[in-house]
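Colleague: Next comes coords.txt, compact mmCIF, C-alpha atoms and all ligand atoms:
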```
# COMPACT_ATOMS: atom_id res chain seq x y z
CA MET A 876 6.31 7.24 5.40
CA LYS A 877 5.80 10.66 3.86
CA PRO A 878 3.59 11.88 1.00
CA PRO A 879 3.38 11.09 -1.83
CA ILE A 880 2.91 7.51 -0.71
CA ILE A 881 3.21 5.06 -3.56
CA LEU A 882 2.33 1.51 -2.54
CA ILE A 883 2.57 -1.28 -5.08
CA ASN A 884 0.81 -4.44 -3.99
CA TYR A 885 2.40 -7.42 -5.74
CA LYS A 886 -0.46 -9.77 -4.76
CA ALA A 887 0.17 -13.27 -6.15
CA TYR A 888 0.78 -12.73 -9.85
CA GLU A 889 3.23 -14.91 -11.77
CA ASN A 890 5.78 -12.12 -11.65
CA SER A 891 5.26 -11.37 -7.95
CA TYR A 892 8.04 -13.76 -6.88
CA GLY A 893 11.21 -15.46 -8.00
CA GLU A 894 13.35 -14.06 -10.81
CA LYS A 895 10.42 -12.29 -12.42
CA GLY A 896 9.69 -10.70 -9.07
CA MET A 897 13.28 -9.49 -8.86
CA GLU A 898 13.15 -8.13 -12.39
CA ILE A 899 10.07 -6.00 -11.82
CA SER A 900 11.39 -4.88 -8.44
CA LYS A 901 14.64 -3.63 -9.98
CA LYS A 902 12.61 -1.57 -12.44
CA ILE A 903 10.50 -0.11 -9.65
CA GLU A 904 13.63 0.65 -7.65
CA LYS A 905 15.13 2.47 -10.65
CA VAL A 906 12.12 4.78 -10.86
CA SER A 907 12.16 5.33 -7.10
CA LYS A 908 15.79 6.46 -7.29
CA GLU A 909 15.25 8.58 -10.39
CA TYR A 910 12.53 10.61 -8.71
CA GLY A 911 13.85 10.38 -5.17
CA VAL A 912 10.50 8.98 -4.03
CA PRO A 913 10.50 5.97 -1.69
CA ILE A 914 8.21 3.24 -3.00
CA ILE A 915 6.51 0.69 -0.79
CA VAL A 916 6.11 -2.79 -2.23
CA SER A 917 3.88 -5.26 -0.44
CA VAL A 918 5.18 -8.62 -1.52
CA PRO A 919 4.62 -12.33 -0.97
CA ALA A 920 6.13 -13.41 2.36
CA THR A 921 8.69 -15.56 0.56
CA MET A 922 10.15 -12.47 -1.14
CA ILE A 923 10.52 -10.21 1.89
CA TYR A 924 14.05 -11.28 2.76
CA ARG A 925 15.45 -11.16 -0.76
CA LEU A 926 13.87 -7.85 -1.73
CA SER A 927 14.96 -6.25 1.53
CA LYS A 928 18.54 -7.42 0.91
CA GLU A 929 18.80 -6.72 -2.78
CA THR A 930 16.81 -3.50 -3.26
CA GLU A 931 16.28 -0.19 -1.53
CA LEU A 932 12.52 -0.49 -1.81
CA ILE A 933 10.43 -0.31 1.36
CA VAL A 934 9.29 -3.90 1.70
CA TYR A 935 6.00 -4.78 3.36
CA ALA A 936 4.22 -8.06 3.94
CA GLN A 937 0.73 -8.38 2.49
CA HIS A 938 -0.62 -9.68 5.79
CA VAL A 939 0.64 -10.48 9.27
CA ASP A 940 -0.84 -12.37 12.18
CA GLY A 941 -0.70 -10.36 15.39
CA LEU A 942 -0.27 -13.57 17.41
CA ASP A 943 2.21 -14.45 20.14
CA HIS A 944 5.04 -16.86 19.46
CA GLY A 945 4.20 -20.51 19.93
CA ALA A 946 2.29 -23.37 18.37
CA LYS A 947 0.71 -21.38 15.51
CA THR A 948 1.25 -23.37 12.31
CA GLY A 949 1.29 -21.28 9.16
CA SER A 950 1.36 -17.96 10.96
CA ILE A 951 3.48 -15.03 9.86
CA LEU A 952 4.29 -12.92 12.90
CA PRO A 953 5.39 -9.29 12.74
CA GLU A 954 8.71 -10.37 14.30
CA MET A 955 9.32 -12.75 11.38
CA VAL A 956 8.65 -10.01 8.85
CA LYS A 957 10.97 -7.64 10.70
CA ASP A 958 13.67 -10.28 10.94
CA ALA A 959 13.46 -10.78 7.17
CA GLY A 960 14.00 -7.04 6.62
CA GLY A 961 10.37 -6.00 6.17
CA LYS A 962 9.39 -2.53 7.32
CA GLY A 963 5.68 -3.07 7.72
CA SER A 964 2.57 -4.78 6.45
CA LEU A 965 -0.77 -4.31 4.81
CA LEU A 966 -3.65 -5.48 6.97
CA ASN A 967 -7.22 -6.40 6.10
CA HIS A 968 -6.92 -6.18 2.32
CA SER A 969 -10.22 -6.99 0.59
CA GLU A 970 -8.59 -10.18 -0.62
CA ARG A 971 -7.33 -11.04 2.89
CA ARG A 972 -9.87 -9.77 5.38
CA ILE A 973 -9.36 -10.25 9.10
CA ARG A 974 -11.34 -9.47 12.25
CA LEU A 975 -11.21 -6.06 13.91
CA ASP A 976 -9.47 -7.43 17.03
CA GLU A 977 -6.88 -9.12 14.81
CA ILE A 978 -6.24 -5.83 13.02
CA HIS A 979 -5.81 -4.05 16.33
CA ASP A 980 -3.46 -6.68 17.77
CA ALA A 981 -1.29 -6.56 14.65
CA ILE A 982 -1.12 -2.75 14.68
CA ILE A 983 -0.06 -2.71 18.34
CA ARG A 984 2.60 -5.38 17.80
CA MET A 985 4.01 -3.66 14.74
CA ARG A 986 4.12 -0.28 16.43
CA LYS A 987 6.07 -1.82 19.33
CA LEU A 988 8.51 -3.29 16.83
CA GLY A 989 8.92 0.03 15.02
CA MET A 990 7.11 -1.31 11.96
CA GLU A 991 4.51 0.45 9.82
CA SER A 992 0.95 -0.72 9.30
CA VAL A 993 -1.42 0.16 6.49
CA VAL A 994 -4.99 -0.92 7.11
CA CYS A 995 -7.27 -1.41 4.13
CA VAL A 996 -10.95 -0.49 4.24
CA ASP A 997 -13.56 -1.01 1.57
CA ARG A 998 -15.73 2.01 2.45
CA TYR A 999 -15.26 5.52 3.79
CA GLU A 1000 -17.58 4.85 6.73
CA LEU A 1001 -14.84 2.70 8.28
CA VAL A 1002 -12.05 5.26 7.98
CA HIS A 1003 -12.66 6.97 11.30
CA SER A 1004 -13.06 3.81 13.38
CA MET A 1005 -9.97 2.18 11.81
CA GLY A 1006 -8.10 5.45 12.24
CA ILE A 1007 -8.70 5.32 15.99
CA LEU A 1008 -6.68 2.08 16.06
CA ASN A 1009 -3.72 4.25 15.05
CA PRO A 1010 -2.18 2.59 12.00
CA ASP A 1011 0.30 4.62 9.95
CA ALA A 1012 -2.10 4.83 7.04
CA ILE A 1013 -5.46 3.72 5.80
CA LEU A 1014 -5.81 2.47 2.26
CA ILE A 1015 -9.33 2.88 0.93
CA GLU A 1016 -10.25 0.62 -1.97
CA PRO A 1017 -13.80 0.00 -3.20
CA PRO A 1018 -13.58 -3.75 -3.98
CA GLU A 1019 -15.82 -3.50 -7.02
CA LEU A 1020 -13.17 -1.38 -8.76
CA ILE A 1021 -10.14 -3.48 -7.82
CA GLY A 1022 -8.48 -4.90 -10.92
CA THR A 1023 -10.91 -3.21 -13.31
CA GLY A 1024 -8.67 -0.42 -14.59
CA ILE A 1025 -11.47 1.97 -13.68
CA ALA A 1026 -9.88 4.31 -11.20
CA VAL A 1027 -11.54 5.15 -7.89
CA SER A 1028 -10.41 8.76 -8.32
CA LYS A 1029 -12.39 9.05 -11.56
CA ALA A 1030 -15.32 6.67 -11.06
CA LYS A 1031 -15.98 7.35 -7.36
CA PRO A 1032 -14.24 10.57 -6.36
CA GLU A 1033 -16.71 11.00 -3.49
CA VAL A 1034 -15.24 7.88 -1.84
CA ILE A 1035 -11.91 9.70 -1.59
CA THR A 1036 -13.28 13.09 -0.53
CA ARG A 1037 -15.43 11.52 2.17
CA ALA A 1038 -12.55 9.36 3.37
CA VAL A 1039 -10.39 12.49 3.53
CA ASP A 1040 -13.04 14.18 5.70
CA GLU A 1041 -13.09 11.14 7.99
CA ILE A 1042 -9.31 10.85 8.34
CA LYS A 1043 -9.17 14.47 9.51
CA LYS A 1044 -10.96 13.35 12.68
CA VAL A 1045 -7.89 11.34 13.73
CA LYS A 1046 -4.40 12.75 14.02
CA GLY A 1047 -1.29 11.40 12.33
CA VAL A 1048 -2.85 8.80 10.04
CA TYR A 1049 -2.31 9.09 6.29
CA LEU A 1050 -5.02 8.33 3.76
CA ILE A 1051 -4.15 6.40 0.61
CA ALA A 1052 -6.58 5.57 -2.17
CA GLY A 1053 -6.57 2.62 -4.53
CA ALA A 1054 -8.57 0.38 -6.89
CA GLY A 1055 -8.34 0.61 -10.63
CA ILE A 1056 -5.50 3.13 -10.62
CA THR A 1057 -3.94 2.90 -14.06
CA SER A 1058 -2.35 6.16 -15.09
CA GLY A 1059 -0.55 9.19 -13.75
CA GLU A 1060 -3.75 11.10 -14.36
CA ASP A 1061 -5.60 8.79 -11.92
CA VAL A 1062 -2.91 9.42 -9.31
CA TYR A 1063 -2.97 13.16 -9.87
CA LYS A 1064 -6.73 13.18 -9.37
CA ALA A 1065 -6.56 11.07 -6.18
CA ILE A 1066 -4.04 13.43 -4.60
CA GLU A 1067 -5.93 16.47 -5.84
CA LEU A 1068 -8.98 15.08 -4.01
CA GLY A 1069 -6.95 15.00 -0.80
CA ALA A 1070 -5.32 11.54 -0.66
CA ASP A 1071 -1.71 11.35 0.55
CA GLY A 1072 -0.87 8.78 -2.08
CA ILE A 1073 -2.08 5.71 -3.92
CA GLY A 1074 -2.14 1.94 -3.84
CA VAL A 1075 -1.86 0.06 -7.11
CA ALA A 1076 -1.47 -3.52 -8.29
CA SER A 1077 -2.59 -4.78 -11.71
CA ALA A 1078 -1.60 -1.70 -13.73
CA VAL A 1079 2.00 -2.30 -12.67
CA MET A 1080 2.12 -6.07 -12.28
CA LYS A 1081 0.42 -6.74 -15.62
CA ALA A 1082 2.15 -3.97 -17.56
CA LYS A 1083 4.23 -4.67 -20.68
CA ASP A 1084 6.52 -1.87 -19.56
CA PRO A 1085 6.21 -1.56 -15.76
CA GLU A 1086 9.01 1.01 -15.56
CA LYS A 1087 7.08 3.38 -17.80
CA VAL A 1088 3.87 2.88 -15.83
CA VAL A 1089 5.53 3.46 -12.45
CA SER A 1090 7.36 6.47 -13.84
CA ASP A 1091 4.05 7.98 -14.94
CA LEU A 1092 2.43 7.28 -11.55
CA VAL A 1093 5.31 8.74 -9.55
CA SER A 1094 5.85 11.82 -11.69
CA GLN A 1095 2.18 12.76 -11.54
CA ALA A 1096 2.08 12.11 -7.80
CA LEU A 1097 4.93 14.56 -7.35
CA LYS A 1098 3.22 17.11 -9.57
CA ALA A 1099 -0.04 16.84 -7.60
CA ILE A 1100 1.70 17.05 -4.23
CA ASP A 1101 3.62 20.08 -5.45
CA LYS A 1102 0.40 21.76 -6.53
CA ARG A 1103 -1.25 21.00 -3.19
CA GLY A 1104 1.78 22.53 -1.49
CA PHE A 1105 2.87 20.04 1.16
O1 LIG B 1 -5.97 -4.04 -4.47
C1 LIG B 1 -5.28 -3.14 -4.91
C2 LIG B 1 -4.06 -2.67 -4.21
O2 LIG B 1 -4.02 -3.13 -2.92
C3 LIG B 1 -5.64 -2.44 -6.15
O3 LIG B 1 -5.62 -3.34 -7.18
P1 LIG B 1 -5.68 -2.81 -8.68
O4 LIG B 1 -4.64 -1.69 -8.78
O5 LIG B 1 -5.34 -4.00 -9.51
O6 LIG B 1 -7.06 -2.29 -8.90
```
Just give me the structure of the file as C-alpha cells.
Modeller:
Amino acid sequence: MKPPIILINYKAYENSYGEKGMEISKKIEKVSKEYGVPIIVSVPATMIYRLSKETELIVYAQHVDGLDHGAKTGSILPEMVKDAGGKGSLLNHSERRIRLDEIHDAIIRMRKLGMESVVCVDRYELVHSMGILNPDAILIEPPELIGTGIAVSKAKPEVITRAVDEIKKVKGVYLIAGAGITSGEDVYKAIELGADGIGVASAVMKAKDPEKVVSDLVSQALKAIDKRGF
C-alpha cells in the first residue's frame, strides 16, 4: 500500500458481482495498468476468489470477522479471505459497523496473516484512537455525504485537514478520504488537503463509462501526489 491509494468499494450494487462485476473489474484493471497505479477493490465475499485469480487488482473483503475457527455460522474469517486470494479488508464501514474490540481483533489477525486492514471512521475525532490500533490505513467518510455526489473534499475540507492532523499523531498509518467523490478534481483536492488517497463507490459503480471515471480519478491523484512531492 503506497500513495496514491485508490480504493473502490463495490458495495452490493447489481454490477458488484457476477459477469457484470467481472466486466467493471476488467475496466478498472485496464486503468490501473495504464497508469501503473495499483487499485484496491473491496468486493462482495463471493467475488474475492474470482477477482484475485482473474485480475491483478488488489482485492479486499468489505468486512471480516476477527473470530477463531469453529462453530461460527455465517462468519467470514481473515483466513478464508486470504485463502481466496484477498489481500486485506475494510473494517467498520458506515454501512457495516462493528464494535471497537471486534475491529481490534480483526486488525491483529490480519496483521499476523500478512493482510492489510483499512478501518473506516465517520468523524475525525476517531482517527487518533483508531490509529493506535495500528491498521494500515484509516478511511474517513462523513456518512451524510456517502452516495450524494457531494465530495467531502469540497463540502467538508476541514474533515480531511483535521483527520490529517490526527493521523500525524500515530506512525505508519495512511489516511484516505471518501464520501461523495465524483471527479478527478475531488481527488486532487483531497490529496492537496493531505490525504494519501481516496475511497469511492457510487461514482464508479453507477457510471455509464466507469473506465473514463476511474481514469480521471487516477490521473488527478497522480498529479496531486506529484505536486505534493512524495
Ligand atoms: O462509502 C464509500 C466508500 O467506502 C463512499 O461511497 P460514495 O463514493 O458512493 O459516496
Colleague: Box time for region 925-929 of chain A: axis-aligned, enclosing all its listed atoms, 3 Å extra on each side; report centre and edge lengths in Å to one decimal, as AutoDock Vina command-line options.
Modeller:
```
--center_x 16.3 --center_y -8.7 --center_z -0.6 --size_x 10.9 --size_y 10.9 --size_z 10.3
```
Colleague: Give the residues close to ligand LIG 1 (chain B), within 6 Å, counting all atoms listed in the file; write them as an MDAnalysis selection string.
Modeller: chainID A and resid 884 1021:1023 1053:1056 1074:1078
Colleague: Quote the spacing between CA of Glu954 (chain A) and CA of Tyr892 (chain A) in Å to one decimal place.
Modeller: 21.5 Å
Colleague: Let me make sure I understand: among A:Glu1016, A:Asp997, A:Asp940, A:Asp1071, which one has the smallest atom-to-atom distance to Val1048 (chain A) if we use all atoms listed in the file?
Modeller: A:Asp1071
Colleague: Using only C-alpha atoms, can you tell me which of A:Asp980, A:Asp1091, A:Glu889, A:Asp1011 comes closest to Ile1051 (chain A)?
Modeller: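 Of the candidates, the smallest distance to Ile1051 (chain A) is held by A:Asp1011.
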Colleague: Name the closest residue to Gln937 (chain A) among the candidates A:Ser891, A:Thr1057, A:Gln1095, A:Ser964; distances are taken between atoms, counting only C-alpha atoms.
Modeller: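 Of all the options, A:Ser964 lies closest to Gln937 (chain A).
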Colleague: Counting only C-alpha atoms, which residue out of A:Ile1015, A:Ala1099, A:Ala946, A:Ala959 sits closest to Met922 (chain A)?
Modeller: A:Ala959
Colleague: Can you take the partial region 966-989 of chain A, add N, CA and C atoms, and return it as an mmCIF file, keeping the file's coordinate frame?
Modeller:
```cif
data_model
loop_
_atom_site.group_PDB
_atom_site.id
_atom_site.type_symbol
_atom_site.label_atom_id
_atom_site.label_comp_id
_atom_site.auth_asym_id
_atom_site.auth_seq_id
_atom_site.Cartn_x
_atom_site.Cartn_y
_atom_site.Cartn_z
ATOM 1 N N LEU A 966 -2.752 -4.700 6.134
ATOM 2 C CA LEU A 966 -3.650 -5.480 6.970
ATOM 3 C C LEU A 966 -5.059 -5.350 6.410
ATOM 4 N N ASN A 967 -5.793 -6.434 6.458
ATOM 5 C CA ASN A 967 -7.220 -6.400 6.100
ATOM 6 C C ASN A 967 -7.492 -6.022 4.647
ATOM 7 N N HIS A 968 -6.619 -6.417 3.736
ATOM 8 C CA HIS A 968 -6.920 -6.180 2.320
ATOM 9 C C HIS A 968 -8.219 -6.896 1.955
ATOM 10 N N SER A 969 -8.946 -6.363 1.004
ATOM 11 C CA SER A 969 -10.220 -6.990 0.590
ATOM 12 C C SER A 969 -10.054 -8.449 0.223
ATOM 13 N N GLU A 970 -8.846 -8.789 -0.247
ATOM 14 C CA GLU A 970 -8.590 -10.180 -0.620
ATOM 15 C C GLU A 970 -8.036 -10.996 0.551
ATOM 16 N N ARG A 971 -7.903 -10.352 1.705
ATOM 17 C CA ARG A 971 -7.330 -11.040 2.890
ATOM 18 C C ARG A 971 -7.887 -10.398 4.155
ATOM 19 N N ARG A 972 -9.213 -10.442 4.253
ATOM 20 C CA ARG A 972 -9.870 -9.770 5.380
ATOM 21 C C ARG A 972 -9.617 -10.476 6.704
ATOM 22 N N ILE A 973 -9.511 -9.688 7.761
ATOM 23 C CA ILE A 973 -9.360 -10.250 9.100
ATOM 24 C C ILE A 973 -10.282 -9.520 10.071
ATOM 25 N N ARG A 974 -10.439 -10.079 11.266
ATOM 26 C CA ARG A 974 -11.340 -9.470 12.250
ATOM 27 C C ARG A 974 -10.744 -8.186 12.811
ATOM 28 N N LEU A 975 -11.627 -7.355 13.351
ATOM 29 C CA LEU A 975 -11.210 -6.060 13.910
ATOM 30 C C LEU A 975 -10.188 -6.228 15.040
ATOM 31 N N ASP A 976 -10.418 -7.214 15.922
ATOM 32 C CA ASP A 976 -9.470 -7.430 17.030
ATOM 33 C C ASP A 976 -8.112 -7.902 16.508
ATOM 34 N N GLU A 977 -8.140 -8.657 15.411
ATOM 35 C CA GLU A 977 -6.880 -9.120 14.810
ATOM 36 C C GLU A 977 -6.113 -7.942 14.188
ATOM 37 N N ILE A 978 -6.870 -7.037 13.587
ATOM 38 C CA ILE A 978 -6.240 -5.830 13.020
ATOM 39 C C ILE A 978 -5.572 -5.044 14.131
ATOM 40 N N HIS A 979 -6.318 -4.852 15.210
ATOM 41 C CA HIS A 979 -5.810 -4.050 16.330
ATOM 42 C C HIS A 979 -4.562 -4.677 16.940
ATOM 43 N N ASP A 980 -4.614 -5.980 17.193
ATOM 44 C CA ASP A 980 -3.460 -6.680 17.770
ATOM 45 C C ASP A 980 -2.222 -6.518 16.876
ATOM 46 N N ALA A 981 -2.430 -6.661 15.584
ATOM 47 C CA ALA A 981 -1.290 -6.560 14.650
ATOM 48 C C ALA A 981 -0.718 -5.148 14.632
ATOM 49 N N ILE A 982 -1.593 -4.146 14.667
ATOM 50 C CA ILE A 982 -1.120 -2.750 14.680
ATOM 51 C C ILE A 982 -0.266 -2.502 15.930
ATOM 52 N N ILE A 983 -0.772 -2.937 17.068
ATOM 53 C CA ILE A 983 -0.060 -2.710 18.340
ATOM 54 C C ILE A 983 1.322 -3.377 18.299
ATOM 55 N N ARG A 984 1.331 -4.639 17.838
ATOM 56 C CA ARG A 984 2.600 -5.380 17.800
ATOM 57 C C ARG A 984 3.590 -4.701 16.855
ATOM 58 N N MET A 985 3.097 -4.266 15.708
ATOM 59 C CA MET A 985 4.010 -3.660 14.740
ATOM 60 C C MET A 985 4.534 -2.320 15.231
ATOM 61 N N ARG A 986 3.682 -1.570 15.881
ATOM 62 C CA ARG A 986 4.120 -0.280 16.430
ATOM 63 C C ARG A 986 5.232 -0.504 17.464
ATOM 64 N N LYS A 987 5.054 -1.493 18.314
ATOM 65 C CA LYS A 987 6.070 -1.820 19.330
ATOM 66 C C LYS A 987 7.404 -2.188 18.692
ATOM 67 N N LEU A 988 7.306 -2.824 17.522
ATOM 68 C CA LEU A 988 8.510 -3.290 16.830
ATOM 69 C C LEU A 988 9.102 -2.208 15.922
ATOM 70 N N GLY A 989 8.455 -1.043 15.894
ATOM 71 C CA GLY A 989 8.920 0.030 15.020
ATOM 72 C C GLY A 989 8.575 -0.218 13.560
#
```
